[in-house]
Structure formats: C-alpha cells, structure tokens
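Heads up, data_27.csv below (CSV, C-alpha atoms and all ligand atoms):
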chain,number,residue,atom,x,y,z
A,1,MET,CA,135.2,55.1,98.5
A,2,THR,CA,138.7,53.8,98.1
A,3,HIS,CA,141.0,55.2,95.5
A,4,PRO,CA,143.1,52.7,93.4
A,5,VAL,CA,146.7,53.6,92.7
A,6,THR,CA,146.5,54.9,89.1
A,7,PRO,CA,148.9,57.0,87.1
A,8,GLU,CA,146.8,60.0,88.1
A,9,ILE,CA,148.1,59.7,91.6
A,10,SER,CA,151.4,57.8,91.2
A,11,ASN,CA,153.2,59.1,88.0
A,12,LEU,CA,154.8,62.4,89.0
A,13,ASP,CA,155.1,63.6,85.4
A,14,GLN,CA,151.4,62.9,84.7
A,15,ILE,CA,150.4,64.6,88.0
A,16,ALA,CA,152.2,67.7,86.9
A,17,SER,CA,150.6,67.9,83.5
A,18,ASP,CA,147.2,67.0,84.9
A,19,GLN,CA,147.4,70.0,87.3
A,20,TRP,CA,148.1,72.4,84.5
A,21,LEU,CA,145.3,70.9,82.5
A,22,SER,CA,142.9,71.5,85.4
A,23,LEU,CA,144.2,75.1,85.8
A,24,ALA,CA,143.7,75.8,82.2
A,25,THR,CA,140.2,74.4,82.4
A,26,ALA,CA,139.4,76.3,85.6
A,27,ALA,CA,140.4,79.6,84.0
A,28,HIS,CA,137.7,79.2,81.3
A,29,ASP,CA,135.0,77.5,83.4
A,30,ARG,CA,133.4,79.7,86.1
A,31,HIS,CA,131.9,76.6,87.7
A,32,HIS,CA,135.2,74.9,88.2
A,33,ALA,CA,136.3,74.8,91.9
A,34,TRP,CA,139.7,76.3,90.9
A,35,HIS,CA,138.1,79.3,89.1
A,36,THR,CA,138.3,81.5,92.3
A,37,PRO,CA,141.6,80.7,94.0
A,38,THR,CA,143.1,82.5,97.0
A,39,LEU,CA,146.1,84.7,95.9
A,40,ALA,CA,148.6,85.5,98.6
A,41,ASN,CA,151.7,87.7,99.1
A,42,VAL,CA,153.6,89.2,102.0
A,43,GLY,CA,152.8,92.8,102.7
A,44,GLU,CA,153.3,95.0,105.8
A,45,GLY,CA,155.0,92.0,107.5
A,46,ILE,CA,152.0,89.6,107.3
A,47,ALA,CA,150.5,87.1,104.8
A,48,GLN,CA,147.9,89.0,102.7
A,49,LEU,CA,145.2,86.7,101.3
A,50,ARG,CA,142.3,87.5,98.9
A,51,THR,CA,140.0,85.7,96.5
A,52,VAL,CA,140.5,86.4,92.8
A,53,VAL,CA,139.2,85.1,89.6
A,54,LEU,CA,141.7,82.9,87.7
A,55,ARG,CA,141.7,84.5,84.2
A,56,SER,CA,144.4,82.4,82.5
A,57,ALA,CA,146.7,79.4,83.1
A,58,ASP,CA,149.2,78.5,80.4
A,59,PRO,CA,151.1,75.2,80.8
A,60,ASP,CA,153.7,76.3,78.3
A,61,THR,CA,154.7,79.6,79.8
A,62,ARG,CA,153.7,78.5,83.4
A,63,ILE,CA,151.9,81.8,83.8
A,64,LEU,CA,148.7,82.3,85.8
A,65,SER,CA,146.9,85.6,85.7
A,66,CYS,CA,144.1,87.5,87.3
A,67,HIS,CA,142.7,91.0,86.7
A,68,THR,CA,143.0,93.8,89.3
A,69,ASP,CA,143.2,97.5,90.1
A,70,SER,CA,146.6,99.2,89.7
A,71,ARG,CA,145.9,101.1,92.9
A,72,SER,CA,145.2,98.0,95.1
A,73,PRO,CA,147.6,97.2,97.9
A,74,LYS,CA,148.8,93.9,96.3
A,75,VAL,CA,150.0,95.7,93.2
A,76,ILE,CA,151.8,98.3,95.3
A,77,GLN,CA,153.3,95.6,97.5
A,78,LEU,CA,154.5,93.8,94.4
A,79,THR,CA,157.1,96.4,93.8
A,80,GLU,CA,158.7,95.5,97.2
A,81,ASP,CA,158.4,91.7,96.9
A,82,SER,CA,157.2,90.0,93.7
A,83,ARG,CA,156.7,86.5,95.3
A,84,PHE,CA,153.1,85.5,95.1
A,85,SER,CA,151.3,82.2,96.1
A,86,TRP,CA,148.1,80.7,94.7
A,87,HIS,CA,145.8,78.3,96.6
A,88,PHE,CA,143.3,76.1,94.9
A,89,TYR,CA,141.0,73.5,96.5
A,90,ASP,CA,138.6,71.2,94.7
A,91,ARG,CA,136.4,69.5,97.3
A,92,ASP,CA,135.0,66.9,94.9
A,93,ALA,CA,138.3,66.0,93.4
A,94,LYS,CA,139.9,66.1,96.9
A,95,ILE,CA,142.8,68.0,95.6
A,96,GLN,CA,144.6,71.0,97.0
A,97,LEU,CA,147.2,72.8,94.8
A,98,ARG,CA,149.5,75.5,96.0
A,99,ALA,CA,151.5,77.3,93.3
A,100,TYR,CA,154.4,79.8,93.9
A,101,GLY,CA,156.0,82.3,91.6
A,102,ASN,CA,157.1,85.8,90.7
A,103,ALA,CA,154.4,88.3,89.6
A,104,TRP,CA,154.4,91.4,87.5
A,105,THR,CA,151.6,93.6,86.0
A,106,HIS,CA,150.5,94.6,82.5
A,107,GLN,CA,149.0,98.0,82.3
A,108,GLY,CA,148.1,99.8,79.1
A,109,ASP,CA,150.0,97.3,77.0
A,110,GLU,CA,148.7,95.0,74.3
A,111,LEU,CA,147.8,92.2,76.7
A,112,ALA,CA,145.9,94.5,79.0
A,113,ARG,CA,144.1,96.2,76.1
A,114,GLN,CA,143.1,92.8,74.7
A,115,ARG,CA,141.8,91.6,78.0
A,116,TRP,CA,139.8,94.8,78.5
A,117,GLN,CA,138.3,94.4,75.0
A,118,ASP,CA,137.6,90.7,75.6
A,119,GLY,CA,135.3,91.4,78.5
A,120,ALA,CA,137.2,92.9,81.5
A,121,TRP,CA,135.4,96.1,80.6
A,122,ARG,CA,132.2,94.5,82.1
A,123,SER,CA,133.9,95.2,85.5
A,124,ALA,CA,134.5,98.8,84.6
A,125,GLN,CA,132.5,99.9,87.7
A,126,CYS,CA,135.2,98.5,89.9
A,127,TYR,CA,138.0,100.4,88.1
A,128,ARG,CA,136.3,103.7,87.4
A,129,THR,CA,135.9,104.8,91.0
A,130,PRO,CA,138.2,107.6,92.1
A,131,LEU,CA,138.8,105.6,95.3
A,132,ALA,CA,141.7,103.2,95.5
A,133,PRO,CA,140.7,99.7,96.9
A,134,GLY,CA,141.1,99.8,100.7
A,135,GLU,CA,140.8,103.5,101.0
A,136,THR,CA,138.5,104.9,103.7
A,137,CYS,CA,135.3,106.3,102.3
A,138,THR,CA,131.7,107.1,103.2
A,139,GLU,CA,128.8,104.6,102.8
A,140,ALA,CA,127.4,106.6,100.0
A,141,ASP,CA,130.7,106.3,98.1
A,142,LEU,CA,130.1,102.6,97.8
A,143,ASP,CA,127.0,103.0,95.6
A,144,ILE,CA,127.6,103.4,91.9
A,145,ASN,CA,124.6,104.6,90.0
A,146,ALA,CA,126.1,105.3,86.6
A,147,PRO,CA,125.7,102.6,84.0
A,148,VAL,CA,128.6,100.4,83.0
A,149,ASP,CA,130.7,102.2,80.4
A,150,ARG,CA,133.6,100.4,78.6
A,151,ALA,CA,135.2,103.8,78.0
A,152,THR,CA,135.8,104.3,81.7
A,153,GLY,CA,138.0,102.5,84.2
A,154,GLU,CA,140.6,101.1,81.8
A,155,GLU,CA,143.3,103.5,83.2
A,156,HIS,CA,143.2,101.5,86.5
A,157,PHE,CA,143.0,98.0,85.0
A,158,VAL,CA,145.9,95.7,85.2
A,159,VAL,CA,146.6,92.1,84.4
A,160,LEU,CA,148.6,90.5,87.3
A,161,ALA,CA,150.7,87.7,85.8
A,162,CYS,CA,152.7,85.2,87.8
A,163,GLU,CA,155.3,82.8,86.4
A,164,ILE,CA,155.0,79.6,88.5
A,165,ASP,CA,158.3,77.9,89.5
A,166,GLN,CA,157.1,75.6,92.2
A,167,PHE,CA,153.9,73.9,93.2
A,168,ASP,CA,152.7,71.6,96.0
A,169,TRP,CA,150.0,69.0,95.2
A,170,LEU,CA,147.9,67.2,97.8
A,171,PHE,CA,145.4,64.5,97.1
A,172,LEU,CA,143.3,63.4,100.1
A,173,ARG,CA,143.0,59.6,100.3
A,174,VAL,CA,141.7,57.3,103.0
A,175,GLU,CA,144.7,54.9,102.4
A,176,GLY,CA,147.2,57.7,102.9
A,177,HIS,CA,147.2,61.1,101.4
A,178,ARG,CA,149.4,61.7,98.4
A,179,ARG,CA,151.6,64.8,98.3
A,180,ALA,CA,154.3,65.9,96.0
A,181,ARG,CA,156.4,68.9,95.4
A,182,PHE,CA,157.3,70.1,91.9
A,183,LEU,CA,160.1,72.4,91.0
A,184,TRP,CA,160.8,73.9,87.6
A,185,GLU,CA,164.3,72.8,86.8
A,186,ALA,CA,166.3,72.7,83.6
A,187,GLY,CA,163.2,73.2,81.5
A,188,ARG,CA,160.9,70.6,83.1
A,189,TRP,CA,158.9,69.9,86.2
A,190,ARG,CA,160.8,67.7,88.6
A,191,GLY,CA,158.5,66.1,91.1
A,192,GLU,CA,159.3,64.4,94.4
A,193,TRP,CA,157.1,62.8,97.0
A,194,ILE,CA,156.8,64.6,100.3
A,195,ALA,CA,155.1,63.5,103.6
A,196,ALA,CA,151.5,64.6,103.8
B,201,LIG,C1,134.5,85.7,94.4
B,201,LIG,C2,135.5,86.9,94.5
B,201,LIG,C3,136.3,87.2,93.4
B,201,LIG,C4,137.2,88.2,93.4
B,201,LIG,N1,137.9,88.4,92.3
B,201,LIG,C5,138.8,89.4,92.3
B,201,LIG,C6,139.7,89.6,91.2
B,201,LIG,O1,139.7,88.9,90.2
B,201,LIG,N2,140.7,90.6,91.3
B,201,LIG,C7,140.7,91.4,92.4
B,201,LIG,O2,141.6,92.3,92.4
B,201,LIG,N3,139.9,91.3,93.4
B,201,LIG,C8,139.0,90.3,93.4
B,201,LIG,N4,138.2,90.1,94.5
B,201,LIG,C9,138.3,91.0,95.7
B,201,LIG,C10,139.5,90.6,96.5
B,201,LIG,O3,139.3,89.4,97.2
B,201,LIG,C11,140.0,91.7,97.4
B,201,LIG,O4,139.0,92.1,98.3
B,201,LIG,C12,140.5,93.0,96.6
B,201,LIG,O5,141.3,92.6,95.5
B,201,LIG,C13,141.4,93.8,97.5
B,201,LIG,O6,142.6,93.1,97.8
B,201,LIG,P1,143.9,93.7,98.4
B,201,LIG,O7,143.5,94.8,99.3
B,201,LIG,O8,144.6,92.6,99.0
B,201,LIG,O9,144.7,94.3,97.2
B,201,LIG,C14,137.3,89.0,94.5
B,201,LIG,C15,136.5,88.7,95.6
B,201,LIG,C16,135.6,87.7,95.6
B,201,LIG,C17,134.8,87.4,96.9
Show how you would write the structure in this file as structure tokens.
Ligand SMILES: Cc1cc2nc3c(=O)[nH]c(=O)nc-3n(C[C@H](O)[C@H](O)[C@H](O)COP(=O)(O)O)c2cc1C
Amino acid sequence: MTHPVTPEISNLDQIASDQWLSLATAAHDRHHAWHTPTLANVGEGIAQLRTVVLRSADPDTRILSCHTDSRSPKVIQLTEDSRFSWHFYDRDAKIQLRAYGNAWTHQGDELARQRWQDGAWRSAQCYRTPLAPGETCTEADLDINAPVDRATGEEHFVVLACEIDQFDWLFLRVEGHRRARFLWEAGRWRGEWIAA
C-alpha cells in the first residue's frame, strides 16, 4: 500500500500534536501499541531498558509517567542521572517514537496517593514484598499467597514522571521513510526533517 503525502506526514506542527494525541490515547487504552513502551536510562555504565506501562501523557505539561517501586534500580540510578528515554513502536501505524527528558519521582505526595487510590493499589502485591526488585532471593520468595490488600505496598509505590524536551518520529513508508526531530524551544515544538 502506498502512502499519500498528507499533513499527517508532511506538516511538522501537526506531526508533533498528533504524537501527543496518540500518547494520551495510549495511556488510557491498554490495547494501544504504545501502552507498554520501553523506558531506558544509563546506569552502571550501560543502557538499561525495561518495559513499563504508560500511565499518563499530558501534551500541555509534556509529562509522561509510569508507576514503579521506589527500591528499583532505575529509581536509584535516577539520583545520579535523571535523563530517561522512552521508545514506542506501533506496527500497524508504522510509527516509531522516541522521547527524551528529565525524570523525577513522586512518593507519598498528593499525586502518588491519588494514583494509588485510582487503581495502582491493584498491583499492591508487587510493592508489598520486603525484597527490592532485582535482589537475589529463593524460588519460594517469588510466590505471594496473601490476597491483594490496598493497605499494603503503598510505602514503596512511586510515580516516575518525565518531562519530555525532545522526540524523534519515524514513519515507515515505501516511497521513503519520513523522520523528524522535535525540540522544545521557546515554548513550542520546533520540528526539523532528518535523514531516515
Ligand atoms: C508488560 C510489562 C509491563 C511492565 N510494567 C512495568 C511498570 O509499569 N513499572 C515497572 O516498574 N516495571 C514494569 N515492568 C517490569 C520491568 O520491565 C522491569 O522488569 C522492572 O521494572 C525492573 O526494572 P529495573 O531493574 O530496570 O528497575 C513491566 C514488565 C512487563 C513485561
């Protein structure tokens, strides 16, 4: 199938706003290809990659967020280097998006409490364990027999928020891939074409 040159792939301003619209949709639609991005940072001298669930994407604040454990390596590494990258790929839409920004965490504050109440407590089993993610343990330690209890685990729950200041959009096309870089400058997304 050929792709006509439409504003969706030729107007840089529209491309920028469309990506944010897709991100916002993906955060609320668990079937969206962008709902489970790869989140990356640099830790221990190497790229650290992991799948996370995209929990929010706000075009106005440019903040993406996910939920995680305050004891996880990525949160500990964040204090050394707050640069994080997000990778999204939608096979059907033929779009790869990479977003870059500075991250921080919310723990025990209003936002974290709200997210916990709104449903993060359903993952209480992940956060209630006395073991930090990545810690060596026994096989038996990995089985949790107690029922989910929203009163447990919140002490290790954090919202990892990341303010995006740059992204890289790639649209695969038989007639020549389209690729553009976007930088947040002077209060707007400034896009430029780059070779694919
Ligand atoms: C589909 C899927 C979704 C996941 N979602 C999250 C998530 O939202 N937050 C999270 O911390 N880990 C999530 N994980 C687990 C991470 O990929 C990773 O194993 C864990 O966070 C430890 O990463 P770290 O050692 O780099 O901190 C998910 C894994 C999969 C396969």
* Output the neighbourhood of ligand LIG 201 (chain B) as a PyMOL selection string, that is, all protein and nucleic acid residues with some atom at most 10 Å from the ligand, counting only C-alpha atoms and all ligand atoms. => chain A and resi 35-41+43+47-55+65-77+120+123+126-127+132-135+157-160
* Asked: Which one of A:Ala180, A:Cys162, A:Ile46, A:Ala24 sits closest to Ala195 (chain A) if you count only C-alpha atoms?
  ->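 When distances to Ala195 (chain A) are compared using only C-alpha atoms, the smallest one comes from A:Ala180.
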* In Å, with one decimal, what is the gap from CA of Leu170 (chain A) to CA of Glu44 (chain A)? ->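 CA of Glu44 (chain A) lies 29.4 Å from CA of Leu170 (chain A).
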* Given the choices A:Asn11, A:Glu139, A:Gln19, A:Asp58, which gets closest to Arg98 (chain A) if the distance is worked out from all atoms listed in the file? ->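 Ranked by minimum distance to Arg98 (chain A), first place goes to A:Gln19.
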* To do: Would you please work out which residue, of A:His156, A:Arg83, A:Lys94, A:His32, is nearest to Leu172 (chain A) when using only C-alpha atoms?
  => A:Lys94
* **Nearest-residue call for Asp18 (chain A), choices A:Pro4, A:Asp109, A:Pro59, A:Gly119, using only C-alpha atoms** => A:Pro59
* Asked: Pick from A:Phe167, A:Trp116, A:Tyr100, A:Trp34: nearest to Ser82 (chain A), with all atoms listed in the file counted?
  ->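 Among the listed residues, the smallest separation from Ser82 (chain A) belongs to A:Tyr100.
Coordinates place CA of Ala103 (chain A) at a distance of 19.9 Å from CA of Arg188 (chain A).
The closest residue to Gly101 (chain A), picked from A:Ala57, A:Arg128, A:Glu163, A:Ile144 and counting all atoms listed in the file, is A:Glu163.
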* To do: Rounded to one decimal place, report the CA of Ile164 (chain A)-CA of Asp90 (chain A) distance in Å.
  =>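 Taking CA of Ile164 (chain A) as the start and CA of Asp90 (chain A) as the end point, the length is 19.4 Å.
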What would region 125-137 of chain A look like if you wrote it out as a CSV table (one decimal), in the first residue's frame, with N, CA and C atoms included, from the block I just posted?
chain,number,residue,atom,x,y,z
A,125,GLN,N,0.6,-6.3,45.4
A,125,GLN,CA,1.5,-7.4,45.6
A,125,GLN,C,2.9,-7.1,45.2
A,126,CYS,N,3.1,-6.3,44.1
A,126,CYS,CA,4.5,-6.0,43.6
A,126,CYS,C,5.2,-5.2,44.6
A,127,TYR,N,4.5,-4.3,45.3
A,127,TYR,CA,5.1,-3.3,46.2
A,127,TYR,C,5.2,-3.7,47.6
A,128,ARG,N,4.4,-4.7,48.0
A,128,ARG,CA,4.4,-5.1,49.4
A,128,ARG,C,5.6,-6.0,49.8
A,129,THR,N,6.2,-6.7,48.8
A,129,THR,CA,7.3,-7.6,49.1
A,129,THR,C,8.4,-6.9,49.9
A,130,PRO,N,9.0,-7.6,50.8
A,130,PRO,CA,10.2,-7.0,51.5
A,130,PRO,C,11.4,-7.0,50.6
A,131,LEU,N,11.3,-7.7,49.5
A,131,LEU,CA,12.5,-7.7,48.6
A,131,LEU,C,12.5,-6.6,47.6
A,132,ALA,N,13.6,-5.9,47.4
A,132,ALA,CA,13.7,-4.9,46.4
A,132,ALA,C,13.8,-5.6,45.0
A,133,PRO,N,13.2,-4.9,44.0
A,133,PRO,CA,13.3,-5.5,42.6
A,133,PRO,C,14.8,-5.7,42.3
A,134,GLY,N,15.1,-6.9,41.8
A,134,GLY,CA,16.5,-7.2,41.4
A,134,GLY,C,17.3,-7.9,42.4
A,135,GLU,N,16.8,-7.9,43.7
A,135,GLU,CA,17.5,-8.6,44.8
A,135,GLU,C,17.5,-10.1,44.6
A,136,THR,N,18.6,-10.7,44.9
A,136,THR,CA,18.7,-12.2,44.9
A,136,THR,C,17.8,-12.8,46.0
A,137,CYS,N,17.0,-13.8,45.6
A,137,CYS,CA,16.1,-14.4,46.5
A,137,CYS,C,16.0,-15.9,46.3
